[in-house]
Structures are given as C-alpha cells and as structure tokens.
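Source file target.pdb; content: PDB, C-alpha atoms.
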ATOM      1  CA  MET A 509     195.786 153.320 101.117
ATOM      2  CA  LEU A 510     196.096 153.834 104.869
ATOM      3  CA  MET A 511     194.641 151.142 107.098
ATOM      4  CA  GLU A 512     192.007 152.212 109.573
ATOM      5  CA  ASN A 513     193.336 152.463 113.110
ATOM      6  CA  TYR A 514     191.761 149.748 115.241
ATOM      7  CA  ARG A 515     191.699 152.062 118.278
ATOM      8  CA  ASP A 516     189.074 154.225 116.600
ATOM      9  CA  ASN A 517     186.646 151.305 116.656
ATOM     10  CA  LEU A 518     187.264 149.978 120.163
ATOM     11  CA  GLN A 519     184.296 150.493 122.473
ATOM     12  CA  ILE A 520     183.750 149.850 126.168
ATOM     13  CA  ASP A 521     181.242 147.062 126.736
ATOM     14  CA  LEU A 522     179.439 148.101 129.934
ATOM     15  CA  LYS A 523     178.118 144.597 130.538
ATOM     16  CA  ASP A 524     181.621 143.140 130.316
ATOM     17  CA  LEU A 525     182.936 145.945 132.527
ATOM     18  CA  ALA A 526     180.291 145.084 135.158
ATOM     19  CA  HIS A 527     181.323 141.404 135.051
ATOM     20  CA  TYR A 528     184.961 142.440 135.398
ATOM     21  CA  VAL A 529     184.222 144.625 138.438
ATOM     22  CA  LEU A 530     182.222 141.837 140.110
ATOM     23  CA  LYS A 531     185.286 139.569 139.966
ATOM     24  CA  PHE A 532     186.791 141.817 142.652
ATOM     25  CA  TRP A 533     183.772 141.813 144.987
ATOM     26  CA  LYS A 534     185.789 140.398 147.901
ATOM     27  CA  ILE A 535     188.410 143.131 147.623
ATOM     28  CA  ILE A 536     185.682 145.782 147.279
ATOM     29  CA  PHE A 537     183.992 144.436 150.418
ATOM     30  CA  ILE A 538     187.277 144.452 152.347
ATOM     31  CA  ILE A 539     188.035 148.030 151.291
ATOM     32  CA  ALA A 540     184.503 149.080 152.300
ATOM     33  CA  VAL A 541     185.048 147.584 155.763
ATOM     34  CA  VAL A 542     188.485 149.193 156.066
ATOM     35  CA  GLY A 543     187.034 152.569 155.015
ATOM     36  CA  ALA A 544     184.207 152.328 157.537
ATOM     37  CA  LEU A 545     186.666 151.281 160.237
ATOM     38  CA  LEU A 546     189.041 154.160 159.502
ATOM     39  CA  GLY A 547     186.069 156.540 159.476
ATOM     40  CA  GLY A 548     185.029 155.252 162.893
ATOM     41  CA  ILE A 549     188.543 155.689 164.254
ATOM     42  CA  CYS A 550     188.663 159.210 162.803
ATOM     43  CA  GLN A 551     185.324 160.005 164.453
ATOM     44  CA  PHE A 552     186.561 158.766 167.809
ATOM     45  CA  ALA A 553     189.869 160.647 167.470
ATOM     46  CA  THR A 554     188.077 163.907 166.714
ATOM     47  CA  GLY A 555     185.459 163.491 169.436
ATOM     48  CA  GLY A 556     182.696 162.297 167.090
ATOM     49  CA  SER A 557     179.865 164.696 166.464
ATOM     50  CA  ALA A 558     179.382 165.995 169.995
ATOM     51  CA  SER A 559     178.149 169.538 169.782
ATOM     52  CA  ALA A 560     178.947 170.636 173.308
ATOM     53  CA  GLU A 561     181.826 173.063 173.754
ATOM     54  CA  ALA A 562     184.928 171.533 175.280
ATOM     55  CA  ALA A 563     186.294 173.006 178.461
ATOM     56  CA  PRO A 564     188.912 171.940 180.967
ATOM     57  CA  VAL A 565     187.618 170.753 184.354
ATOM     58  CA  SER A 566     189.289 169.825 187.607
ATOM     59  CA  ILE A 567     190.784 166.347 187.777
ATOM     60  CA  PRO A 568     189.246 164.237 190.580
ATOM     61  CA  GLU A 569     191.391 162.365 193.085
ATOM     62  CA  LEU A 570     191.235 158.596 192.886
ATOM     63  CA  SER A 571     191.910 155.835 195.351
ATOM     64  CA  GLU A 572     194.887 153.535 194.852
ATOM     65  CA  GLU A 573     192.589 150.819 193.497
ATOM     66  CA  GLU A 574     190.915 153.216 191.044
ATOM     67  CA  MET A 575     194.287 154.564 189.913
ATOM     68  CA  THR A 576     195.510 151.018 189.267
ATOM     69  CA  LYS A 577     192.474 150.438 187.067
ATOM     70  CA  VAL A 578     193.141 153.665 185.136
ATOM     71  CA  ASN A 579     196.825 152.793 184.649
ATOM     72  CA  ALA A 580     195.793 149.379 183.335
ATOM     73  CA  ALA A 581     193.459 151.085 180.850
ATOM     74  CA  VAL A 582     196.261 153.401 179.718
ATOM     75  CA  SER A 583     198.575 150.398 179.293
ATOM     76  CA  SER A 584     195.857 148.629 177.278
ATOM     77  CA  TYR A 585     195.523 151.648 175.017
ATOM     78  CA  LYS A 586     199.277 151.751 174.358
ATOM     79  CA  THR A 587     199.212 148.063 173.459
ATOM     80  CA  TYR A 588     196.213 148.688 171.209
ATOM     81  CA  GLN A 589     197.988 151.615 169.537
ATOM     82  CA  GLU A 590     201.069 149.484 168.806
ATOM     83  CA  LEU A 591     198.855 146.764 167.330
ATOM     84  CA  HIS A 592     196.877 149.335 165.350
ATOM     85  CA  ASP A 593     199.989 150.987 163.883
ATOM     86  CA  THR A 594     201.592 147.651 162.937
ATOM     87  CA  VAL A 595     198.505 146.125 161.317
ATOM     88  CA  MET A 596     197.439 149.358 159.585
ATOM     89  CA  GLU A 597     200.915 149.660 158.064
ATOM     90  CA  SER A 598     200.434 146.202 156.552
ATOM     91  CA  ILE A 599     196.882 147.061 155.398
ATOM     92  CA  ASN A 600     198.066 150.308 153.793
ATOM     93  CA  SER A 601     200.788 148.362 151.975
ATOM     94  CA  ASP A 602     198.111 146.071 150.482
ATOM     95  CA  LEU A 603     195.970 149.063 149.527
ATOM     96  CA  GLU A 604     198.912 150.666 147.722
ATOM     97  CA  LYS A 605     199.336 147.470 145.700
ATOM     98  CA  ILE A 606     195.650 147.568 144.736
ATOM     99  CA  LYS A 607     195.867 151.266 143.774
ATOM    100  CA  ALA A 608     198.862 150.424 141.591
ATOM    101  CA  GLY A 609     196.674 147.998 139.656
ATOM    102  CA  GLU A 610     197.956 144.784 141.255
ATOM    103  CA  VAL A 611     195.332 142.097 141.877
ATOM    104  CA  LEU A 612     195.736 140.351 145.221
ATOM    105  CA  ASP A 613     195.751 136.570 145.094
ATOM    106  CA  LYS A 614     193.356 134.540 147.244
ATOM    107  CA  ASP A 615     195.773 134.167 150.181
ATOM    108  CA  SER A 616     196.660 137.880 150.207
ATOM    109  CA  ALA A 617     192.985 138.901 150.014
ATOM    110  CA  GLU A 618     192.105 136.572 152.907
ATOM    111  CA  ALA A 619     195.067 137.924 154.892
ATOM    112  CA  LEU A 620     193.843 141.483 154.288
ATOM    113  CA  GLU A 621     190.371 140.494 155.459
ATOM    114  CA  TYR A 622     191.891 138.904 158.594
ATOM    115  CA  LYS A 623     193.963 141.992 159.385
ATOM    116  CA  THR A 624     190.887 144.169 158.982
ATOM    117  CA  SER A 625     189.010 141.893 161.388
ATOM    118  CA  ILE A 626     191.807 142.191 163.968
ATOM    119  CA  ILE A 627     191.696 146.002 163.856
ATOM    120  CA  SER A 628     187.903 145.981 164.137
ATOM    121  CA  GLN A 629     187.906 143.616 167.115
ATOM    122  CA  ALA A 630     190.711 145.493 168.869
ATOM    123  CA  THR A 631     188.947 148.843 168.394
ATOM    124  CA  THR A 632     185.665 147.426 169.665
ATOM    125  CA  GLY A 633     187.388 145.902 172.689
ATOM    126  CA  MET A 634     189.101 149.170 173.492
ATOM    127  CA  PHE A 635     186.378 151.749 172.928
ATOM    128  CA  SER A 636     182.969 150.328 171.929
ATOM    129  CA  GLY A 637     180.319 148.440 173.866
ATOM    130  CA  ASN A 638     179.525 148.228 177.567
ATOM    131  CA  GLN A 639     182.357 145.783 178.220
ATOM    132  CA  SER A 640     185.073 147.764 176.412
ATOM    133  CA  VAL A 641     188.122 148.875 178.397
ATOM    134  CA  TYR A 642     187.115 152.555 178.308
ATOM    135  CA  ASN A 643     183.453 152.070 179.191
ATOM    136  CA  THR A 644     184.210 149.926 182.239
ATOM    137  CA  LEU A 645     185.767 152.989 183.882
ATOM    138  CA  SER A 646     183.703 155.180 186.170
ATOM    139  CA  ALA A 647     183.113 158.852 185.369
ATOM    140  CA  ASN A 648     185.980 159.964 187.653
ATOM    141  CA  GLU A 649     188.264 157.261 186.274
ATOM    142  CA  LYS A 650     187.447 158.342 182.703
ATOM    143  CA  ALA A 651     188.305 161.941 183.619
ATOM    144  CA  VAL A 652     191.729 160.925 184.910
ATOM    145  CA  TYR A 653     192.236 158.561 181.953
ATOM    146  CA  ASP A 654     191.387 161.321 179.498
ATOM    147  CA  ASN A 655     193.793 163.670 181.257
ATOM    148  CA  LEU A 656     196.604 161.120 181.146
ATOM    149  CA  MET A 657     195.933 160.510 177.452
ATOM    150  CA  GLY A 658     196.071 164.256 176.768
ATOM    151  CA  LYS A 659     192.386 164.562 175.915
ATOM    152  CA  VAL A 660     190.247 167.658 176.518
ATOM    153  CA  ILE A 661     187.350 166.672 178.739
ATOM    154  CA  GLU A 662     184.002 167.719 177.319
ATOM    155  CA  VAL A 663     181.218 169.244 179.388
ATOM    156  CA  GLU A 664     178.717 166.907 177.718
ATOM    157  CA  THR A 665     179.824 163.268 177.736
ATOM    158  CA  LYS A 666     176.792 161.654 176.059
ATOM    159  CA  PRO A 667     178.083 159.248 173.415
ATOM    160  CA  SER A 668     177.385 160.122 169.804
ATOM    161  CA  ASN A 669     175.416 157.779 167.595
ATOM    162  CA  ASN A 670     176.319 159.648 164.431
ATOM    163  CA  LYS A 671     177.415 157.184 161.728
ATOM    164  CA  LYS A 672     178.510 159.843 159.237
ATOM    165  CA  PHE A 673     182.237 159.202 159.474
ATOM    166  CA  PRO A 674     182.038 155.399 159.047
ATOM    167  CA  PHE A 675     179.578 155.837 156.173
ATOM    168  CA  LEU A 676     181.758 158.416 154.418
ATOM    169  CA  GLY A 677     184.828 156.242 154.982
ATOM    170  CA  CYS A 678     183.016 153.272 153.441
ATOM    171  CA  VAL A 679     181.818 155.296 150.430
ATOM    172  CA  PHE A 680     185.246 156.859 149.878
ATOM    173  CA  GLY A 681     186.991 153.480 150.101
ATOM    174  CA  VAL A 682     184.584 151.882 147.610
ATOM    175  CA  PHE A 683     184.916 154.867 145.276
ATOM    176  CA  ILE A 684     188.714 154.610 145.280
ATOM    177  CA  ILE A 685     188.855 150.852 144.637
ATOM    178  CA  LEU A 686     186.145 151.039 141.944
ATOM    179  CA  SER A 687     188.052 153.850 140.243
ATOM    180  CA  VAL A 688     191.235 151.762 140.261
ATOM    181  CA  ILE A 689     189.427 148.701 138.850
ATOM    182  CA  VAL A 690     187.595 150.642 136.129
ATOM    183  CA  ILE A 691     190.719 152.579 135.074
ATOM    184  CA  ARG A 692     192.673 149.335 134.940
ATOM    185  CA  TYR A 693     189.991 147.793 132.708
ATOM    186  CA  VAL A 694     189.770 150.788 130.370
ATOM    187  CA  LEU A 695     193.538 151.154 129.992
ATOM    188  CA  SER A 696     194.201 147.438 129.549
ATOM    189  CA  THR A 697     195.955 146.621 126.266
ATOM    190  CA  LYS A 698     194.637 143.043 126.270
ATOM    191  CA  LEU A 699     191.653 141.672 124.357
ATOM    192  CA  LYS A 700     188.473 142.255 126.369
ATOM    193  CA  THR A 701     185.559 140.888 124.358
ATOM    194  CA  GLU A 702     184.736 138.854 121.281
ATOM    195  CA  ASP A 703     183.067 141.921 119.755
ATOM    196  CA  ASP A 704     186.400 143.767 119.764
ATOM    197  CA  LEU A 705     187.654 141.429 117.038
ATOM    198  CA  ARG A 706     184.546 142.151 114.985
ATOM    199  CA  SER A 707     184.374 145.917 115.431
ATOM    200  CA  ALA A 708     188.044 146.878 115.685
ATOM    201  CA  PHE A 709     189.616 144.375 113.285
ATOM    202  CA  LYS A 710     186.622 143.474 111.082
ATOM    203  CA  LEU A 711     187.195 139.736 111.585
ATOM    204  CA  HIS A 712     184.612 137.013 111.043
ATOM    205  CA  ILE A 713     184.212 134.920 114.214
ATOM    206  CA  PHE A 714     184.056 131.152 113.668
ATOM    207  CA  GLY A 715     183.169 130.555 117.268
ATOM    208  CA  ALA A 716     184.161 130.938 120.891
ATOM    209  CA  ILE A 717     185.700 128.239 123.077
ATOM    210  CA  ALA A 718     185.136 128.279 126.834
ATOM    211  CA  LYS A 719     188.299 127.381 128.741
ATOM    212  CA  LYS A 720     186.367 125.866 131.644
ATOM    213  CA  ASN A 721     184.592 123.101 129.747
ATOM    214  CA  ASP A 722     185.685 123.251 126.067
ATOM    215  CA  ASP A 723     182.192 124.429 125.160
ATOM    216  CA  GLY A 724     182.194 125.574 121.515
ATOM    217  CA  LEU A 725     185.195 123.453 120.471
ATOM    218  CA  ALA A 726     183.082 121.084 118.354
ATOM    219  CA  VAL A 727     181.416 124.007 116.556
ATOM    220  CA  VAL A 728     184.800 125.534 115.679
ATOM    221  CA  CYS A 729     186.088 122.226 114.286
ATOM    222  CA  SER A 730     182.925 121.751 112.204
ATOM    223  CA  SER A 731     183.137 125.313 110.851
ATOM    224  CA  ILE A 732     186.738 124.858 109.712
ATOM    225  CA  MET A 733     185.900 121.502 108.108
ATOM    226  CA  ALA A 734     182.967 123.098 106.259
ATOM    227  CA  LEU A 735     185.215 125.903 105.060
ATOM    228  CA  SER A 736     187.754 123.441 103.721
ATOM    229  CA  SER A 737     185.092 121.347 101.965
ATOM    230  CA  THR A 738     183.876 124.384  99.995
ATOM    231  CA  GLY A 739     187.288 124.693  98.355
ATOM    232  CA  LYS A 740     187.755 128.315  99.417
ATOM    233  CA  ALA A 741     190.886 127.412 101.359
ATOM    234  CA  LYS A 742     192.663 124.068 101.052
ATOM    235  CA  ASN A 743     195.805 124.906 103.009
ATOM    236  CA  ILE A 744     194.654 126.643 106.188
ATOM    237  CA  LEU A 745     197.031 128.104 108.754
ATOM    238  CA  LEU A 746     195.818 128.078 112.361
ATOM    239  CA  CYS A 747     197.823 130.836 114.021
ATOM    240  CA  THR A 748     197.994 133.155 117.008
ATOM    241  CA  SER A 749     199.902 136.175 118.246
ATOM    242  CA  LEU A 750     200.661 134.273 121.456
ATOM    243  CA  ALA A 751     203.823 132.225 121.946
ATOM    244  CA  GLU A 752     202.204 129.818 124.406
ATOM    245  CA  GLY A 753     199.142 129.341 126.552
ATOM    246  CA  ILE A 754     195.614 128.001 126.267
ATOM    247  CA  ALA A 755     195.105 129.323 122.711
ATOM    248  CA  THR A 756     198.135 127.393 121.419
ATOM    249  CA  ASP A 757     196.871 124.267 123.186
ATOM    250  CA  TYR A 758     193.538 124.498 121.350
ATOM    251  CA  ILE A 759     195.295 125.052 118.023
ATOM    252  CA  SER A 760     197.272 121.828 118.503
ATOM    253  CA  ARG A 761     194.164 119.868 119.504
ATOM    254  CA  ILE A 762     192.129 121.148 116.561
ATOM    255  CA  LYS A 763     194.942 120.364 114.112
ATOM    256  CA  GLU A 764     195.046 116.746 115.334
ATOM    257  CA  PHE A 765     191.286 116.453 114.920
ATOM    258  CA  LEU A 766     191.344 117.927 111.404
ATOM    259  CA  MET A 767     194.215 115.662 110.341
ATOM    260  CA  GLU A 768     192.038 112.657 111.206
ATOM    261  CA  LYS A 769     189.387 114.138 108.899
ATOM    262  CA  ALA A 770     191.959 114.629 106.107
ATOM    263  CA  VAL A 771     191.788 118.420 106.342
ATOM    264  CA  SER A 772     195.129 120.048 105.511
ATOM    265  CA  THR A 773     196.161 122.552 108.166
ATOM    266  CA  GLU A 774     199.359 124.078 109.541
ATOM    267  CA  THR A 775     199.971 125.802 112.877
ATOM    268  CA  ALA A 776     201.975 128.884 113.776
ATOM    269  CA  PHE A 777     202.573 130.407 117.191
ATOM    270  CA  ASN A 778     203.790 133.939 117.843
ATOM    271  CA  ILE A 779     203.229 134.766 114.194
ATOM    272  CA  VAL A 780     204.063 138.465 114.626
ATOM    273  CA  SER A 781     207.752 137.846 115.376
ATOM    274  CA  ASP A 782     208.631 134.237 114.497
ATOM    275  CA  PRO A 783     210.247 133.986 110.989
ATOM    276  CA  THR A 784     209.176 130.328 110.556
ATOM    277  CA  SER A 785     205.562 131.254 111.271
ATOM    278  CA  ILE A 786     205.724 134.102 108.754
ATOM    279  CA  ASP A 787     206.991 131.666 106.082
ATOM    280  CA  LYS A 788     204.079 129.329 106.830
ATOM    281  CA  ALA A 789     201.667 132.237 106.511
ATOM    282  CA  ALA A 790     203.062 133.192 103.102
ATOM    283  CA  LYS A 791     202.498 129.652 101.791
ATOM    284  CA  SER A 792     198.962 129.263 103.137
ATOM    285  CA  ASP A 793     195.641 129.872 101.407
ATOM    286  CA  GLY A 794     194.131 131.579 104.421
ATOM    287  CA  LEU A 795     194.644 132.360 108.084
ATOM    288  CA  ILE A 796     192.451 131.679 111.102
ATOM    289  CA  PHE A 797     193.513 133.608 114.197
ATOM    290  CA  PHE A 798     193.116 132.091 117.655
ATOM    291  CA  GLU A 799     193.098 134.820 120.295
ATOM    292  CA  CYS A 800     192.495 134.596 124.027
ATOM    293  CA  ILE A 801     190.539 137.131 126.049
ATOM    294  CA  GLY A 802     192.708 138.597 128.788
ATOM    295  CA  GLU A 803     195.923 137.362 127.125
ATOM    296  CA  SER A 804     196.128 138.502 123.493
ATOM    297  CA  ILE A 805     197.371 142.080 123.085
ATOM    298  CA  TYR A 806     195.531 144.452 120.741
ATOM    299  CA  GLU A 807     198.764 145.729 119.213
ATOM    300  CA  ASN A 808     199.897 142.210 118.308
ATOM    301  CA  ILE A 809     196.511 141.340 116.791
ATOM    302  CA  ASP A 810     196.800 144.477 114.696
ATOM    303  CA  LYS A 811     200.259 143.345 113.544
ATOM    304  CA  GLU A 812     198.781 139.981 112.519
ATOM    305  CA  VAL A 813     196.128 141.650 110.391
ATOM    306  CA  GLU A 814     198.668 144.050 108.901
ATOM    307  CA  LEU A 815     201.064 141.191 108.118
ATOM    308  CA  ALA A 816     198.332 139.285 106.263
ATOM    309  CA  SER A 817     197.422 142.435 104.329
ATOM    310  CA  ASN A 818     201.034 143.123 103.328
ATOM    311  CA  LEU A 819     201.541 139.527 102.152
ATOM    312  CA  GLY A 820     198.213 139.483 100.329
ATOM    313  CA  ILE A 821     196.974 136.538 102.409
ATOM    314  CA  ASN A 822     193.271 136.010 102.976
ATOM    315  CA  VAL A 823     192.205 136.227 106.626
ATOM    316  CA  LEU A 824     189.374 133.720 106.959
ATOM    317  CA  GLY A 825     188.373 134.760 110.458
ATOM    318  CA  ALA A 826     189.098 134.242 114.102
ATOM    319  CA  VAL A 827     188.356 131.941 117.027
ATOM    320  CA  VAL A 828     188.021 133.392 120.515
ATOM    321  CA  VAL A 829     189.173 131.542 123.621
ATOM    322  CA  LYS A 830     187.549 132.891 126.766
TER     323      LYS A 830
END

Translate this structure into structure tokens?
Amino acid sequence: MLMENYRDNLQIDLKDLAHYVLKFWKIIFIIAVVGALLGGICQFATGGSASAEAAPVSIPELSEEEMTKVNAAVSSYKTYQELHDTVMESINSDLEKIKAGEVLDKDSAEALEYKTSIISQATTGMFSGNQSVYNTLSANEKAVYDNLMGKVIEVETKPSNNKKFPFLGCVFGVFIILSVIVIRYVLSTKLKTEDDLRSAFKLHIFGAIAKKNDDGLAVVCSSIMALSSTGKAKNILLCTSLAEGIATDYISRIKEFLMEKAVSTETAFNIVSDPTSIDKAAKSDGLIFFECIGESIYENIDKEVELASNLGINVLGAVVVK
C-alpha cells in the first residue's frame, strides 16, 4: 500500500504567513523609503511632471561673484553625485541579498537604514527646500548652472508638487520585498506550523513548548507520564530528525525529569541517518517526535514516519518546539 504524500496535505496558514511577514517590518520600511527616494530622484532627473514644453534660451552673462557661486554649486553637485553613486552601489548590494532570500542581521539592517538616510539628506541638501544648494541660486545663476550641467532650460520653471514618482517608487519597492518574503515562506522546506504535523503527517500533538520561556514543558512531561502509566508504551523513545539544537536540549531535559519519576525512556538524535538511533527505535514500544518550527525539514520528518512504518513501530505522537 502506497503511503500518502505529505505534500498533498500541506496548506498555507495565512495567519502564520502574516506573522512571518511582520518579522521583516524594518526591512520593508527601509525598502519603502529607498523606493520613494529613488522615485524622487527619477522625477527630478526627468524634470518632474512639468507640462510646459522645453526650449533652449539665451544664457545670461554673470558677474565674477555670481560665476563663482555657480561653479561652487556645480562642484557641490559633482561631490553629491560621487556620494550618491557610492552609497547607492552599497544599497543595491543589500537589496540583491534580500531578493536572493537572505535575511539581513540587525547590524546590516541598521546600516542599510543609515545609508538610506545619508542619500535622503544629501538629496534634500542639494535640490529640495529653500536652503538647498540649487534653490539658493538666482534665476540667471540657475540658467547658467543648468547649461553647465547639460540641462534643457524649460520655459516654465514653477516647481512641481507631483508626488507620483515617489509614491510609485514606494509601492514598487514594497511589492518587490513582500514578493520575496512571501515566496521565501511558501518555498521553505522547514516546518512552519504545528498544524502541519497534524494535517500532513497525521501525528497526535502532545503539546507545544515555547523556546522563550519553556511554556508548555510541564504539560508535555505530564502527558508522557500519563501515557506511560496507562501501559500503552513502557519503553518510549524520545527522538528527533535534528542532530542538535533546541529540540535535542528539551529531549535531554525531559528524559532527566522522567527518570526521576521512574518512567523508562530513551533518546535518539538525527534518527533518519544515525544507525544507533535506528537500533533504539527498533527496540522501543513507541516513538515521540520532537520537531522544531523553522528548523526541522519536512522531508526528514517524512523519513521518520516512513522509518517507523517500515519497522512496524507505533508512533505515539509529536511535541512541537516553537
């Protein structure tokens, strides 16, 4: 008789997916800011949303003092451009890591936020506000500046208040990062929820242990003791598909507790590939799997269940560490 494929019973828990996405709120916020900033730069580079037709005009003559001011503005822009190119290259490198599914650590995320802030401040200082380098120039000085920078001077020079480009940049950035996060969640081969063990592998759940505060540990110990006292399984094997980690730590702690209560138990780590663990499984009356959300791999859990089935061993249930 063919075993049912566990993949057919895996379902996406939207509530868990929402919690997963919210873990990356800082990165999402940073990408939204970067997108809005790039949209603003794009709007400035393309002349914003001014509707007047562009046309060349005569370049006014400036005094030596005015020309010095214009040259200083041009020099400031070149410095800004060098800063912009250098920092944006670093930002783009971080974004490529995120797109590839890599999660930035706290220091890298804060560094990305800092680099974004630098670009924003530099852009504001160069182009935006009454005290920006560009807006401190007079009309004639702006005309000469624009000519030196290779710009086409527009007949209408009223600044645009259109926020379409920044808004679209923000939306596009958020869409991209959300897509990466959701795809990463959906394609993950690691255990996502407690319900996956119930629905995909048809396992009874003895309880869930919270890693932060050991909440649920006492309930799990009591459940195993009650199971042993009924006589359904005298020699219980506490096992996991993991070779090390928090799940193995809990197995060791629970075994010590049960030994004090005269409950016979054995432990086995990495049961899917360790010969000693397989021998222990064959001699036991029943197995209790300990699997950790975000660590245990579906394929290895499936191998555990298949191993028990092939050896004719009773699977008593599972404990979830989350």

field: Straight-line distance linking atom CA of Lys742 of chain A with atom CA of Glu799 of chain A, stated in Å to one decimal
entry: 22.0 Å

query: For Gly724 of chain A, which residue among A:Ala617, A:Val827, A:Glu812, A:Ser760 is the nearest when counting all atoms listed in the file?
result: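 That would be A:Val827, the residue with the smallest distance to Gly724 of chain A.
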
statement: Of A:Ser616, A:Ser696, A:Asn648, A:Ser730, the one sitting nearest Glu569 of chain A when using all atoms listed in the file is A:Asn648

query: What do you get, as a ChimeraX atom specification, if you spell out every residue that the PyMOL selection byres ((chain A and resi 770-782) around 9) selects here?
result: /A:732-733,736-737,742-752,756,759-760,763,765-769,783-789,792,808-809,811-812,815

Which residue of A:Ser628, A:Ala580, A:Ser598, A:Pro674 approaches Cys550 of chain A most closely, using all atoms listed in the file: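 That would be A:Pro674, the residue with the smallest distance to Cys550 of chain A.
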
message: Please report the interatomic distance between atom CA of Ser707 of chain A and atom CA of Arg515 of chain A in Å with one decimal.
response: 10.0 Å

message: Just checking: using only C-alpha atoms, which residue out of A:Ala726, A:Ala718, A:Leu546, A:Val578 ends up closest to Arg761 of chain A?
response: A:Ala726

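If you measure from each of A:Phe797, A:Tyr622, A:Tyr806, A:Tyr514 to Phe714 of chain A using only C-alpha atoms, the closest one turns out to be A:Phe797.
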
Length of the atom CA of Gly658 of chain A to atom CA of Glu573 of chain A vector [Å]: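 So the two atoms, atom CA of Gly658 of chain A and atom CA of Glu573 of chain A, lie 21.7 Å apart.
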
task: Using only C-alpha atoms, find the one residue out of A:Asp602, A:Asp524, A:Glu764, A:Asp723 that sits nearest to Leu699 of chain A.
output: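 That would be A:Asp524, the residue with the smallest distance to Leu699 of chain A.
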
message: Counting all atoms listed in the file, which residues sit no farther than 12 Å from the position (185.3, 151.7, 116.7) in the file's frame? I'd like them as a PyMOL selection string.
response: chain A and resi 512-521+703-710

- prompt: What lies within 10 Å of Phe680 of chain A using only C-alpha atoms, ignoring chain neighbours under 5 positions off, as a PyMOL selection string?
  reply: chain A and resi 539-540+543-544+547+674-675+685-686

task: Report as a list in words the residues that result from applying the PyMOL selection byres ((chain A and resi 794) around 7) to the structure here.
output: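 So the PyMOL selection byres ((chain A and resi 794) around 7) ends up selecting Ala741, Ile744, Leu745, Ser792, Asp793, Leu795, Ile796, Ile821, Asn822, Val823 and Leu824 of chain A.
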
- request: Translate the PyMOL selection byres ((chain A and resi 535) around 12), as applied to the file shown, into an explicit residue set as an MDAnalysis selection string.
  value: chainID A and resid 529:534 536:542 602:603 605:607 610:621 624 681:682 684:686 688:689
